[in-house]
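Comments concern the structure below.
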Amino acid sequence: MRVALFVTCLVDLMRPRIGFAAIELLEAAGCEVVVPETQTCCGQPAWNSGDRAAAAALAKKVIAEFEAYETVVVPSGSCADQIRNEYPGILADEPDWHGRAVALASRVYELTDFLVNVVKLEAVPGNFAGSITYHDSCTGLRSLGIKAQPRALLAQLPGVELREMNAAEECCGFGGTFSVKFGEISAAIAERKCTNACATGAAAIVGGDLGCLLNIEGKLRRMGDETTRVLHVAEVLTAKE
Amino acid sequence: MESRSRRFKSNALAALANPVLQGNLKMAKGKFVDKRAIAIKEIDDFEGTREAAKNLRNRVLENLDLWLEKFEENATARGATVLWAKDGAEICRHVVEIGKRHGVKKAAKSKSMLSEEAGLNHALTAAGIQPVETDLGEYILQINDNEPPSHIIAPVMHKGLDEVADLFEKTHKTPRKTEIPALTREAREVLREHFLTADMGISGGNFLVAETGSVALVTNEGNGRMVTTLPKVHVVVTGIEKVIPTLEDLSTLMRLLPRSATGQSISNYVSVLTGVKQPDDHDGPEHLYFILVDNGRAELVGSEFQDMLRCIRCGACMNHCPVYQTIGGHAYGWVYPGPMGSILTPLYTGIENAIDLPHAATLCNQCGVVCPVKIPLPELLRKLRETQVETHLRPWFERLALKGWAWVASHPALYGLGTWFGVRYLKWLAGGKASIPVLGTAPGWTAGRDFPAPEGRTFREQYAAMRAERRKSS
């Protein structure tokens, strides 16, 4: 199966290795991976900030870049949701674009959802060993139903011990631009998340959305925790340690 | 009530620094969130019930005027008087007039958020009518110089026991008590006298039943019954959107309201009050008035915010909101805190008076998931943000930053160049360390946490290099 990878701007900027891990996982599942080179951002920051015009411009760009592919995979629940569930609404007033948005929407998958439910990957390539706890990111969880998928993949690694934290489904306080506009509130919410995660004693906090992971990592380090690792699920599934 | 929503940010910082509030918020979360999770399991088809409640509320809103007329007709037929109020000032005028007509000196009140919207207590006092709050929490706030509530159903949840003990000692001039049963007993003794001497009872209304002209009241302390049966005059103050068609509909909503609000299968008291006292009745008011209030609601009918009118004021959205759980209710600055408040406050007090509120949410959608009438709260918050952008209410630097980012992201070559420099700059700032403690371009982020350092080369760079390498080797 030929799959186009939407890397996401955060992964492009901050953690390219997550993008490469996603490619490795998709190839392990027998997919041919294409990375359209002109891709940038899905427009979620603009949309969530109320700038419909900017969000629509970026939505059209993503649609034009990706609609030729049968399947699009995104290593982020919130960016996948943006394309799947928000683009049709953003472009509702432009019938042509709306139609193209709808046509693309159902072919866009969050990475772990695609690996488990579409290509049914049964041999993940990594050999990570250690205790982890999993943070369920809000949009992936509540809009795309991403909950069992990453856990099913992690369960394929015999060395992984999953220790569920209290309130794993509670927001980490990131919220995109919220984290900058209301930094103190955001960081206080992140502290609760870190406290719950650390109470498990797990060596790594794992999640599927880089925004949340940067928030959690930043708070952990500020709290003086230099040892707990913060990893994207794709990194764990491909780690060779 | 005068809105303090403009000061959301400083209100929130004060809340973060208040140890009593922080302790209470932690405790309240355990109570409200955990108890609700257990209570909703009692219903076989909770999701189906939510859907039914949503549909019945929508059915009302589609013909709100007709249902209100029907309510008026049936309430009037049972001896009540129905009055209409456009805004808070009209509520006050009506209540004061009713008070004067019946020679009222003292009004005993059970909870009414509409009276908070209107600042009714102030108007009553000015007219020479003594208002007495009889909900325990509201009473504590009233004797603390009319402090505003911080939660719609637990109005005093921001206070500690010590503060309440001090207030009782000072106000009642009795020896200081620190045991909760002793304090509540003292409150009962003080309030009993007020119930017996009040000439007028003022209540809110959880629902108005159109087919019978009744008001349904959902309370826990029993004060609602006293207020609505002992005084000779009863005034119900509630919003026009609270009308529902039938008693059957009431039973559907009652399966959801107490469970969503306090995690109770049923509240201690559910009263359905219909008409004035009849010759054979033992109690009940001789005069019953309904003041049905618009105060911004009618304008929402048919608008993109109509869904908000389904709200049954359970407070589940705020109890489950990570932001509310962190800063409490006062920070929001008006009558309704949490997600519902971040939508209602700008809609009812002016969007320009509550600029921060629609943004004070992570859009995590936990509120949307727990809302018993399925209001898409995050979507409404986002729409308010859009309205702010359309009406140029956002700060210029934010508009510029968003437009700039979107413009750069629309030009891949420029984006590549910008990010090439950007990640190198951040990497340099980190100085070989894994994170950056102070980031001048995002001070909000680094106020409370570090900014993790980027790898130093973008994905697109590394991917292009890898592709070139592969091409060379093949």
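FYI, nothing fancy with the structure tokens labels: chains A, B, ... in order, residues from 1 per chain, ligands from 1 as they appear.
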Per-residue nearest contacts chain B to chain A, cut-off 8 Å, using only C-alpha atoms, as a tab-separated table:
```
residue	atom	partner	partner_atom	distance
B:Lys9	CA	A:Phe182	CA	7.7
B:Ala12	CA	A:Ile185	CA	7.6
B:Leu13	CA	A:Glu184	CA	7.5
B:Leu16	CA	A:Ile185	CA	7.7
B:Pro322	CA	A:Cys171	CA	6.7
B:Val323	CA	A:Ile185	CA	6.9
B:Thr326	CA	A:Ile189	CA	6.7
B:Ile327	CA	A:Ile185	CA	7.5
B:His359	CA	A:Phe178	CA	6.9
B:Ala360	CA	A:Phe178	CA	7.0
B:Ala361	CA	A:Phe178	CA	7.0
B:Thr362	CA	A:Gly175	CA	4.0
B:Leu363	CA	A:Gly175	CA	6.4
B:Cys364	CA	A:Cys138	CA	5.1
B:Asn365	CA	A:Arg142	CA	7.1
B:Gln366	CA	A:Arg142	CA	7.9
B:Val369	CA	A:Arg142	CA	7.9
B:Arg382	CA	A:Asn48	CA	6.0
B:Lys383	CA	A:Gly50	CA	6.8
B:Leu384	CA	A:Gly50	CA	7.6
B:Arg385	CA	A:Gly50	CA	4.6
B:Glu386	CA	A:Gly50	CA	3.6
B:Thr387	CA	A:Gly50	CA	7.2
B:Gln388	CA	A:Gly50	CA	7.4
B:Val389	CA	A:Gly50	CA	6.0
B:Leu402	CA	A:Ala46	CA	6.1
B:Lys403	CA	A:Ala54	CA	6.7
B:Ala406	CA	A:Ala54	CA	5.7
B:Trp407	CA	A:Ala54	CA	7.8
B:Ala409	CA	A:Thr40	CA	5.6
B:Ser410	CA	A:Leu58	CA	6.4
B:Pro412	CA	A:Thr38	CA	5.3
B:Ala413	CA	A:Thr38	CA	7.9
B:Tyr415	CA	A:Thr40	CA	7.4
B:Thr419	CA	A:Leu13	CA	6.7
B:Val423	CA	A:Leu13	CA	6.3
B:Ser435	CA	A:Gly218	CA	7.3
B:Pro437	CA	A:Arg222	CA	7.8
B:Ala442	CA	A:Val180	CA	6.3
B:Pro443	CA	A:Val180	CA	7.4
B:Gly444	CA	A:Gly183	CA	4.3
B:Trp445	CA	A:Val180	CA	4.9
B:Thr446	CA	A:Gly183	CA	7.5
B:Ala447	CA	A:Gly183	CA	6.3
B:Gly448	CA	A:Ala187	CA	5.2
B:Arg449	CA	A:Lys219	CA	4.5
B:Asp450	CA	A:Gly218	CA	4.3
B:Phe451	CA	A:Gly218	CA	5.3
B:Pro452	CA	A:Gly218	CA	5.7
B:Ala453	CA	A:Met14	CA	7.3
B:Pro454	CA	A:Met14	CA	4.2
B:Glu455	CA	A:Met14	CA	6.0
B:Gly456	CA	A:Met14	CA	7.7
B:Arg457	CA	A:Leu13	CA	7.5
B:Thr458	CA	A:Leu13	CA	5.1
B:Phe459	CA	A:Asp12	CA	4.4
B:Arg460	CA	A:Asp12	CA	6.5
B:Gln462	CA	A:Pro16	CA	7.8
```
Produce a file of the selected residues containing C-alpha atoms, as a compact mmCIF listing (two decimals), in the first residue's frame.
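out20.txt was written with the following content:
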```txt
# COMPACT_ATOMS: atom_id res chain seq x y z
CA LYS B 9 -5.35 36.71 33.87
CA ALA B 12 -6.16 33.39 37.65
CA LEU B 13 -2.69 34.17 38.99
CA LEU B 16 -2.97 29.80 41.62
CA PRO B 322 -8.67 21.16 33.66
CA VAL B 323 -8.56 24.94 33.68
CA THR B 326 -6.69 24.71 38.43
CA ILE B 327 -8.03 28.22 39.06
CA HIS B 359 -9.27 31.33 24.99
CA ALA B 360 -9.02 30.08 28.56
CA ALA B 361 -9.52 26.47 27.53
CA THR B 362 -7.27 23.78 26.10
CA LEU B 363 -10.15 22.51 23.90
CA CYS B 364 -9.60 19.09 25.47
CA ASN B 365 -13.34 18.40 25.02
CA GLN B 366 -13.81 16.69 28.37
CA VAL B 369 -18.02 14.53 26.67
CA ARG B 382 -13.70 28.24 19.00
CA LYS B 383 -16.53 30.09 17.27
CA LEU B 384 -16.26 32.88 19.82
CA ARG B 385 -12.54 33.09 19.05
CA GLU B 386 -13.48 33.38 15.39
CA THR B 387 -15.93 36.17 16.17
CA GLN B 388 -13.16 37.99 18.06
CA VAL B 389 -10.85 37.74 15.06
CA LEU B 402 -0.85 33.96 13.22
CA LYS B 403 -1.00 35.65 9.83
CA ALA B 406 0.13 30.98 8.03
CA TRP B 407 1.79 33.03 5.28
CA ALA B 409 3.56 27.95 5.99
CA SER B 410 1.85 28.65 2.66
CA PRO B 412 7.23 25.98 1.34
CA ALA B 413 10.59 27.43 0.26
CA TYR B 415 9.07 27.92 5.36
CA THR B 419 12.65 26.74 9.99
CA VAL B 423 15.81 25.30 14.80
CA SER B 435 16.18 22.21 27.24
CA PRO B 437 14.95 27.57 30.62
CA ALA B 442 7.54 32.56 24.29
CA PRO B 443 7.82 33.88 27.85
CA GLY B 444 4.42 32.37 28.66
CA TRP B 445 5.78 28.90 28.00
CA THR B 446 8.94 29.22 30.04
CA ALA B 447 7.23 30.97 32.97
CA GLY B 448 6.38 27.59 34.40
CA ARG B 449 8.38 25.03 32.45
CA ASP B 450 11.44 24.56 30.25
CA PHE B 451 11.31 24.51 26.47
CA PRO B 452 12.80 21.26 25.17
CA ALA B 453 15.58 21.87 22.64
CA PRO B 454 15.02 20.78 19.03
CA GLU B 455 17.26 18.20 17.39
CA GLY B 456 18.89 20.99 15.39
CA ARG B 457 18.05 19.98 11.84
CA THR B 458 14.52 19.87 10.44
CA PHE B 459 12.87 16.69 9.24
CA ARG B 460 12.70 18.02 5.70
CA GLN B 462 17.30 15.30 7.07
```
Please identify all polymer residues within 12 Å of A:Ala68, counting only C-alpha atoms, omitting same-chain residues fewer than 3 positions from it, and present them as an mmCIF file with all heavy atoms, in the first residue's frame.
```
data_model
loop_
_atom_site.group_PDB
_atom_site.id
_atom_site.type_symbol
_atom_site.label_atom_id
_atom_site.label_comp_id
_atom_site.auth_asym_id
_atom_site.auth_seq_id
_atom_site.Cartn_x
_atom_site.Cartn_y
_atom_site.Cartn_z
ATOM 1 N N ARG A 2 0.452 2.206 -0.831
ATOM 2 C CA ARG A 2 1.224 3.445 -0.916
ATOM 3 C C ARG A 2 0.626 4.453 0.062
ATOM 4 O O ARG A 2 -0.569 4.728 0.037
ATOM 5 C CB ARG A 2 1.152 3.971 -2.354
ATOM 6 C CG ARG A 2 2.196 4.985 -2.698
ATOM 7 C CD ARG A 2 2.523 4.890 -4.201
ATOM 8 N NE ARG A 2 3.407 5.984 -4.591
ATOM 9 C CZ ARG A 2 2.960 7.145 -5.084
ATOM 10 N NH1 ARG A 2 1.672 7.330 -5.263
ATOM 11 N NH2 ARG A 2 3.832 8.093 -5.406
ATOM 12 N N VAL A 3 1.487 4.964 0.932
ATOM 13 C CA VAL A 3 1.021 5.836 2.004
ATOM 14 C C VAL A 3 1.776 7.152 1.967
ATOM 15 O O VAL A 3 3.009 7.167 1.854
ATOM 16 C CB VAL A 3 1.259 5.148 3.370
ATOM 17 C CG1 VAL A 3 1.033 6.122 4.510
ATOM 18 C CG2 VAL A 3 0.371 3.935 3.524
ATOM 19 N N ALA A 4 1.038 8.260 2.060
ATOM 20 C CA ALA A 4 1.702 9.559 2.173
ATOM 21 C C ALA A 4 1.788 9.929 3.646
ATOM 22 O O ALA A 4 0.804 9.807 4.380
ATOM 23 C CB ALA A 4 0.919 10.623 1.410
ATOM 24 N N VAL A 34 5.567 7.737 1.001
ATOM 25 C CA VAL A 34 5.922 8.937 0.242
ATOM 26 C C VAL A 34 5.796 10.130 1.191
ATOM 27 O O VAL A 34 4.847 10.207 1.964
ATOM 28 C CB VAL A 34 4.949 9.140 -0.944
ATOM 29 C CG1 VAL A 34 5.402 10.294 -1.820
ATOM 30 C CG2 VAL A 34 4.819 7.857 -1.736
ATOM 31 N N PRO A 36 5.423 13.970 0.743
ATOM 32 C CA PRO A 36 5.326 15.142 -0.134
ATOM 33 C C PRO A 36 6.189 16.280 0.417
ATOM 34 O O PRO A 36 6.057 16.648 1.590
ATOM 35 C CB PRO A 36 3.834 15.479 -0.098
ATOM 36 C CG PRO A 36 3.171 14.177 0.215
ATOM 37 C CD PRO A 36 4.104 13.476 1.148
ATOM 38 N N VAL A 62 -2.885 21.633 2.075
ATOM 39 C CA VAL A 62 -2.719 20.224 2.464
ATOM 40 C C VAL A 62 -3.546 19.324 1.534
ATOM 41 O O VAL A 62 -3.074 18.280 1.076
ATOM 42 C CB VAL A 62 -3.119 20.017 3.944
ATOM 43 C CG1 VAL A 62 -3.174 18.521 4.276
ATOM 44 C CG2 VAL A 62 -2.141 20.737 4.855
ATOM 45 N N ILE A 63 -4.781 19.743 1.253
ATOM 46 C CA ILE A 63 -5.643 18.931 0.384
ATOM 47 C C ILE A 63 -4.991 18.766 -0.991
ATOM 48 O O ILE A 63 -4.900 17.656 -1.524
ATOM 49 C CB ILE A 63 -7.046 19.572 0.251
ATOM 50 C CG1 ILE A 63 -7.772 19.497 1.593
ATOM 51 C CG2 ILE A 63 -7.868 18.881 -0.837
ATOM 52 C CD1 ILE A 63 -9.019 20.355 1.670
ATOM 53 N N ALA A 64 -4.504 19.866 -1.546
ATOM 54 C CA ALA A 64 -3.886 19.799 -2.871
ATOM 55 C C ALA A 64 -2.650 18.896 -2.869
ATOM 56 O O ALA A 64 -2.394 18.164 -3.820
ATOM 57 C CB ALA A 64 -3.517 21.210 -3.342
ATOM 58 N N GLU A 65 -1.920 18.924 -1.780
ATOM 59 C CA GLU A 65 -0.691 18.124 -1.713
ATOM 60 C C GLU A 65 -0.952 16.637 -1.490
ATOM 61 O O GLU A 65 -0.147 15.791 -1.877
ATOM 62 C CB GLU A 65 0.203 18.638 -0.572
ATOM 63 C CG GLU A 65 0.933 19.931 -0.913
ATOM 64 C CD GLU A 65 1.447 20.642 0.332
ATOM 65 O OE1 GLU A 65 1.011 20.309 1.458
ATOM 66 O OE2 GLU A 65 2.279 21.535 0.179
ATOM 67 N N THR A 71 -3.958 6.956 0.785
ATOM 68 C CA THR A 71 -3.999 6.981 2.245
ATOM 69 C C THR A 71 -2.993 7.997 2.775
ATOM 70 O O THR A 71 -1.891 8.114 2.245
ATOM 71 C CB THR A 71 -3.619 5.584 2.798
ATOM 72 O OG1 THR A 71 -4.508 4.627 2.240
ATOM 73 C CG2 THR A 71 -3.726 5.544 4.308
ATOM 74 N N VAL A 72 -3.395 8.707 3.814
ATOM 75 C CA VAL A 72 -2.493 9.659 4.464
ATOM 76 C C VAL A 72 -2.376 9.281 5.935
ATOM 77 O O VAL A 72 -3.387 9.027 6.603
ATOM 78 C CB VAL A 72 -3.021 11.109 4.346
ATOM 79 C CG1 VAL A 72 -2.082 12.088 5.045
ATOM 80 C CG2 VAL A 72 -3.223 11.483 2.888
ATOM 81 N N ARG A 100 -13.663 18.297 -1.980
ATOM 82 C CA ARG A 100 -12.305 17.708 -1.957
ATOM 83 C C ARG A 100 -11.887 17.386 -0.523
ATOM 84 O O ARG A 100 -11.224 16.374 -0.273
ATOM 85 C CB ARG A 100 -11.323 18.683 -2.618
ATOM 86 C CG ARG A 100 -11.547 18.802 -4.122
ATOM 87 C CD ARG A 100 -10.812 19.969 -4.736
ATOM 88 N NE ARG A 100 -9.369 19.764 -4.819
ATOM 89 C CZ ARG A 100 -8.526 20.647 -5.371
ATOM 90 N NH1 ARG A 100 -9.006 21.772 -5.896
ATOM 91 N NH2 ARG A 100 -7.242 20.402 -5.413
ATOM 92 N N ALA A 103 -13.632 14.239 0.496
ATOM 93 C CA ALA A 103 -13.050 13.086 -0.205
ATOM 94 C C ALA A 103 -11.735 12.656 0.461
ATOM 95 O O ALA A 103 -11.410 11.470 0.522
ATOM 96 C CB ALA A 103 -12.823 13.423 -1.674
ATOM 97 N N LEU A 104 -10.989 13.618 0.963
ATOM 98 C CA LEU A 104 -9.707 13.286 1.602
ATOM 99 C C LEU A 104 -9.918 12.773 3.025
ATOM 100 O O LEU A 104 -9.224 11.839 3.484
ATOM 101 C CB LEU A 104 -8.799 14.526 1.620
ATOM 102 C CG LEU A 104 -7.447 14.370 2.343
ATOM 103 C CD1 LEU A 104 -6.564 13.342 1.616
ATOM 104 C CD2 LEU A 104 -6.715 15.709 2.452
ATOM 105 N N ARG A 107 -9.726 9.208 4.357
ATOM 106 C CA ARG A 107 -8.497 8.458 4.014
ATOM 107 C C ARG A 107 -7.320 8.881 4.894
ATOM 108 O O ARG A 107 -6.187 8.500 4.643
ATOM 109 C CB ARG A 107 -8.165 8.674 2.539
ATOM 110 C CG ARG A 107 -9.195 8.040 1.611
ATOM 111 C CD ARG A 107 -8.828 8.187 0.155
ATOM 112 N NE ARG A 107 -9.198 9.491 -0.380
ATOM 113 C CZ ARG A 107 -8.357 10.286 -1.041
ATOM 114 N NH1 ARG A 107 -7.110 9.920 -1.238
ATOM 115 N NH2 ARG A 107 -8.778 11.455 -1.498
#
```
- Query: Mind pulling up the distance from atom CA of A:Thr133 to atom CA of A:Ala202?
  - Reply: 5.9 Å
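When atom CA of A:Gly207 is paired with atom CA of A:His135, their separation reads 5.1 Å.
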If you run DSSP on this backbone, which residues of stretch 52-291 of chain B come out as strand (DSSP E or B), and could you give them as a CSV table (one decimal) with N, CA, C and O atoms, in the first residue's frame?
```csv
chain,number,residue,atom,x,y,z
B,80,ALA,N,-51.3,31.9,38.7
B,80,ALA,CA,-50.0,32.6,38.7
B,80,ALA,C,-50.0,33.8,37.8
B,80,ALA,O,-50.8,33.9,36.9
B,81,THR,N,-49.1,34.7,38.0
B,81,THR,CA,-48.9,35.8,37.1
B,81,THR,C,-47.5,35.7,36.4
B,81,THR,O,-46.5,35.4,37.1
B,82,VAL,N,-47.5,35.8,35.1
B,82,VAL,CA,-46.3,35.6,34.4
B,82,VAL,C,-45.8,37.0,33.9
B,82,VAL,O,-46.6,37.7,33.2
B,83,LEU,N,-44.6,37.4,34.2
B,83,LEU,CA,-44.1,38.6,33.8
B,83,LEU,C,-42.8,38.4,33.0
B,83,LEU,O,-42.2,37.3,33.1
B,84,TRP,N,-42.5,39.3,32.1
B,84,TRP,CA,-41.3,39.1,31.3
B,84,TRP,C,-40.3,40.2,31.6
B,84,TRP,O,-40.6,41.3,31.8
B,85,ALA,N,-39.0,39.8,31.6
B,85,ALA,CA,-38.0,40.7,31.8
B,85,ALA,C,-36.9,40.7,30.7
B,85,ALA,O,-36.4,39.6,30.4
B,106,LYS,N,-39.2,41.6,54.1
B,106,LYS,CA,-38.2,40.6,54.1
B,106,LYS,C,-38.4,39.6,53.0
B,106,LYS,O,-39.5,39.0,52.9
B,107,ALA,N,-37.4,39.3,52.2
B,107,ALA,CA,-37.5,38.3,51.1
B,107,ALA,C,-36.5,37.2,51.4
B,107,ALA,O,-35.3,37.4,51.5
B,108,ALA,N,-37.0,35.9,51.6
B,108,ALA,CA,-36.1,34.8,51.7
B,108,ALA,C,-35.9,34.2,50.4
B,108,ALA,O,-36.8,34.0,49.6
B,109,LYS,N,-34.6,34.0,50.1
B,109,LYS,CA,-34.2,33.5,48.7
B,109,LYS,C,-33.7,32.1,48.7
B,109,LYS,O,-32.8,31.8,49.6
B,130,GLN,N,-35.4,43.5,52.8
B,130,GLN,CA,-34.2,42.8,53.2
B,130,GLN,C,-34.1,41.5,52.5
B,130,GLN,O,-35.0,40.6,52.8
B,131,PRO,N,-33.1,41.2,51.7
B,131,PRO,CA,-33.0,39.9,51.1
B,131,PRO,C,-32.2,39.0,52.0
B,131,PRO,O,-31.2,39.4,52.5
B,132,VAL,N,-32.7,37.7,52.2
B,132,VAL,CA,-31.9,36.8,53.0
B,132,VAL,C,-31.6,35.5,52.1
B,132,VAL,O,-32.6,34.9,51.7
B,133,GLU,N,-30.4,35.3,51.9
B,133,GLU,CA,-30.0,34.0,51.1
B,133,GLU,C,-30.2,32.9,52.1
B,133,GLU,O,-29.7,32.9,53.2
B,200,MET,N,-41.9,37.3,51.5
B,200,MET,CA,-41.8,36.9,50.1
B,200,MET,C,-40.7,35.8,50.0
B,200,MET,O,-39.7,35.9,50.7
B,201,GLY,N,-41.0,34.8,49.1
B,201,GLY,CA,-39.9,33.9,48.8
B,201,GLY,C,-39.5,34.1,47.4
B,201,GLY,O,-40.3,34.3,46.5
B,202,ILE,N,-38.2,34.1,47.1
B,202,ILE,CA,-37.7,34.2,45.8
B,202,ILE,C,-36.9,32.9,45.4
B,202,ILE,O,-36.0,32.6,46.2
B,203,SER,N,-37.2,32.3,44.3
B,203,SER,CA,-36.5,31.1,44.0
B,203,SER,C,-36.1,31.2,42.5
B,203,SER,O,-36.6,32.0,41.8
B,207,PHE,N,-36.5,24.0,35.9
B,207,PHE,CA,-37.3,23.8,34.6
B,207,PHE,C,-38.7,24.4,34.8
B,207,PHE,O,-39.2,24.4,35.9
B,208,LEU,N,-39.2,24.8,33.7
B,208,LEU,CA,-40.6,25.3,33.6
B,208,LEU,C,-41.4,24.2,32.8
B,208,LEU,O,-40.9,24.0,31.6
B,209,VAL,N,-42.4,23.7,33.3
B,209,VAL,CA,-43.1,22.6,32.6
B,209,VAL,C,-44.3,23.3,31.9
B,209,VAL,O,-45.3,23.7,32.5
B,214,SER,N,-46.0,24.5,35.6
B,214,SER,CA,-45.3,24.3,36.9
B,214,SER,C,-43.8,24.7,36.8
B,214,SER,O,-43.3,24.8,35.7
B,215,VAL,N,-43.2,25.0,38.0
B,215,VAL,CA,-41.8,25.1,38.0
B,215,VAL,C,-41.2,23.9,38.8
B,215,VAL,O,-41.8,23.5,39.8
B,216,ALA,N,-40.1,23.4,38.3
B,216,ALA,CA,-39.4,22.3,39.0
B,216,ALA,C,-38.2,22.8,39.7
B,216,ALA,O,-37.4,23.5,39.0
B,217,LEU,N,-38.0,22.5,40.9
B,217,LEU,CA,-36.9,23.0,41.7
B,217,LEU,C,-36.1,21.7,42.2
B,217,LEU,O,-36.7,20.8,42.7
B,218,VAL,N,-34.8,21.8,42.0
B,218,VAL,CA,-33.9,20.7,42.4
B,218,VAL,C,-33.0,21.2,43.5
B,218,VAL,O,-32.1,22.1,43.2
B,219,THR,N,-33.1,20.8,44.7
B,219,THR,CA,-32.3,21.3,45.8
B,219,THR,C,-31.9,20.2,46.7
B,219,THR,O,-32.4,19.1,46.7
B,233,VAL,N,-46.1,35.3,49.4
B,233,VAL,CA,-45.8,35.6,48.0
B,233,VAL,C,-44.5,34.7,47.6
B,233,VAL,O,-43.5,34.6,48.3
B,234,HIS,N,-44.6,34.1,46.4
B,234,HIS,CA,-43.5,33.4,45.8
B,234,HIS,C,-43.2,34.0,44.4
B,234,HIS,O,-44.1,34.1,43.6
B,235,VAL,N,-42.0,34.4,44.2
B,235,VAL,CA,-41.5,34.9,43.0
B,235,VAL,C,-40.5,33.9,42.4
B,235,VAL,O,-39.5,33.6,43.0
B,236,VAL,N,-40.7,33.4,41.2
B,236,VAL,CA,-39.8,32.5,40.5
B,236,VAL,C,-39.0,33.4,39.5
B,236,VAL,O,-39.7,34.0,38.7
B,237,VAL,N,-37.7,33.4,39.5
B,237,VAL,CA,-37.0,34.2,38.5
B,237,VAL,C,-36.1,33.2,37.7
B,237,VAL,O,-35.3,32.5,38.3
B,238,THR,N,-36.4,33.0,36.5
B,238,THR,CA,-35.6,32.1,35.7
B,238,THR,C,-35.6,32.5,34.2
B,238,THR,O,-36.3,33.3,33.8
B,239,GLY,N,-34.7,31.8,33.5
B,239,GLY,CA,-34.4,32.2,32.1
B,239,GLY,C,-35.5,31.6,31.2
B,239,GLY,O,-36.1,30.5,31.5
B,243,VAL,N,-37.8,26.4,29.8
B,243,VAL,CA,-39.1,25.7,29.6
B,243,VAL,C,-38.9,24.4,28.9
B,243,VAL,O,-38.0,24.2,28.0
B,244,ILE,N,-39.7,23.4,29.3
B,244,ILE,CA,-39.7,22.1,28.6
B,244,ILE,C,-41.2,21.7,28.4
B,244,ILE,O,-42.0,22.2,29.1
B,269,TYR,N,-34.2,16.9,47.4
B,269,TYR,CA,-35.5,17.5,47.2
B,269,TYR,C,-35.7,17.7,45.7
B,269,TYR,O,-34.9,18.3,45.0
B,270,VAL,N,-36.9,17.3,45.2
B,270,VAL,CA,-37.3,17.7,43.9
B,270,VAL,C,-38.7,18.2,44.0
B,270,VAL,O,-39.6,17.4,44.5
B,271,SER,N,-39.0,19.4,43.8
B,271,SER,CA,-40.3,20.0,44.0
B,271,SER,C,-40.9,20.4,42.6
B,271,SER,O,-40.2,21.0,41.8
B,272,VAL,N,-42.1,20.0,42.4
B,272,VAL,CA,-42.8,20.5,41.2
B,272,VAL,C,-44.0,21.4,41.7
B,272,VAL,O,-44.9,20.9,42.3
B,273,LEU,N,-43.8,22.7,41.5
B,273,LEU,CA,-44.8,23.6,42.2
B,273,LEU,C,-45.7,24.1,41.1
B,273,LEU,O,-45.3,24.6,40.1
B,287,HIS,N,-49.8,34.2,46.4
B,287,HIS,CA,-49.5,34.9,45.2
B,287,HIS,C,-48.3,34.3,44.6
B,287,HIS,O,-47.3,34.2,45.3
B,288,LEU,N,-48.4,33.9,43.3
B,288,LEU,CA,-47.2,33.3,42.6
B,288,LEU,C,-46.9,34.1,41.4
B,288,LEU,O,-47.8,34.3,40.5
B,289,TYR,N,-45.7,34.5,41.3
B,289,TYR,CA,-45.2,35.2,40.1
B,289,TYR,C,-44.1,34.5,39.4
B,289,TYR,O,-43.2,34.0,40.1
B,290,PHE,N,-44.1,34.5,38.1
B,290,PHE,CA,-43.0,34.0,37.3
B,290,PHE,C,-42.4,35.2,36.6
B,290,PHE,O,-43.1,35.9,35.9
B,291,ILE,N,-41.1,35.4,36.8
B,291,ILE,CA,-40.4,36.4,36.0
B,291,ILE,C,-39.5,35.7,35.0
B,291,ILE,O,-38.5,35.0,35.4
```
- Task: Taking the chain letters and numbering used in this document, name the residues of stretch 128-215 of chain A that DSSP puts in helix (DSSP H, G or I), as a PyMOL selection string.
- Result: chain A and resi 138-144+148-154+178-181+183-198+210-215
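Of the residues under consideration (A:Cys212, A:Val236, A:Val116, A:Ala22), A:Val236 shows the shortest atom-to-atom contact distance to A:Phe128 when counting only C-alpha atoms.
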- Item | Exercise: B:Glu163 partners within 10 Å, only C-alpha atoms, chain neighbours under 3 positions left out, as number ranges by chain | B: 140, 144, 159-160, 166-169, 178
- Message: Applying 10 Å and only C-alpha atoms, which residues near stretch 299-304 of chain B remain after dropping the ones on its own chain fewer than 4 positions away? List them as a PyMOL selection string.
- Response: chain B and resi 61-64+241+294-295+308-309+347-348+380+383-384
- Message: So that I can check the surroundings of A:Pro88, please list as number ranges by chain every protein, DNA and RNA residue that reaches within 8 Å of it, counting only C-alpha atoms and ignoring chain neighbours fewer than 6 positions away.
- Response: A: 98-99, 101-102, 105
- Query: Could you pull the residues within 12 Å of B:Trp334, counting only C-alpha atoms, minus those fewer than 4 positions along the same chain, as a ChimeraX atom specification?
  - Reply: /B:1-8,11,113-114,116-119,147-152,329-330,338,340-350,353-354,357
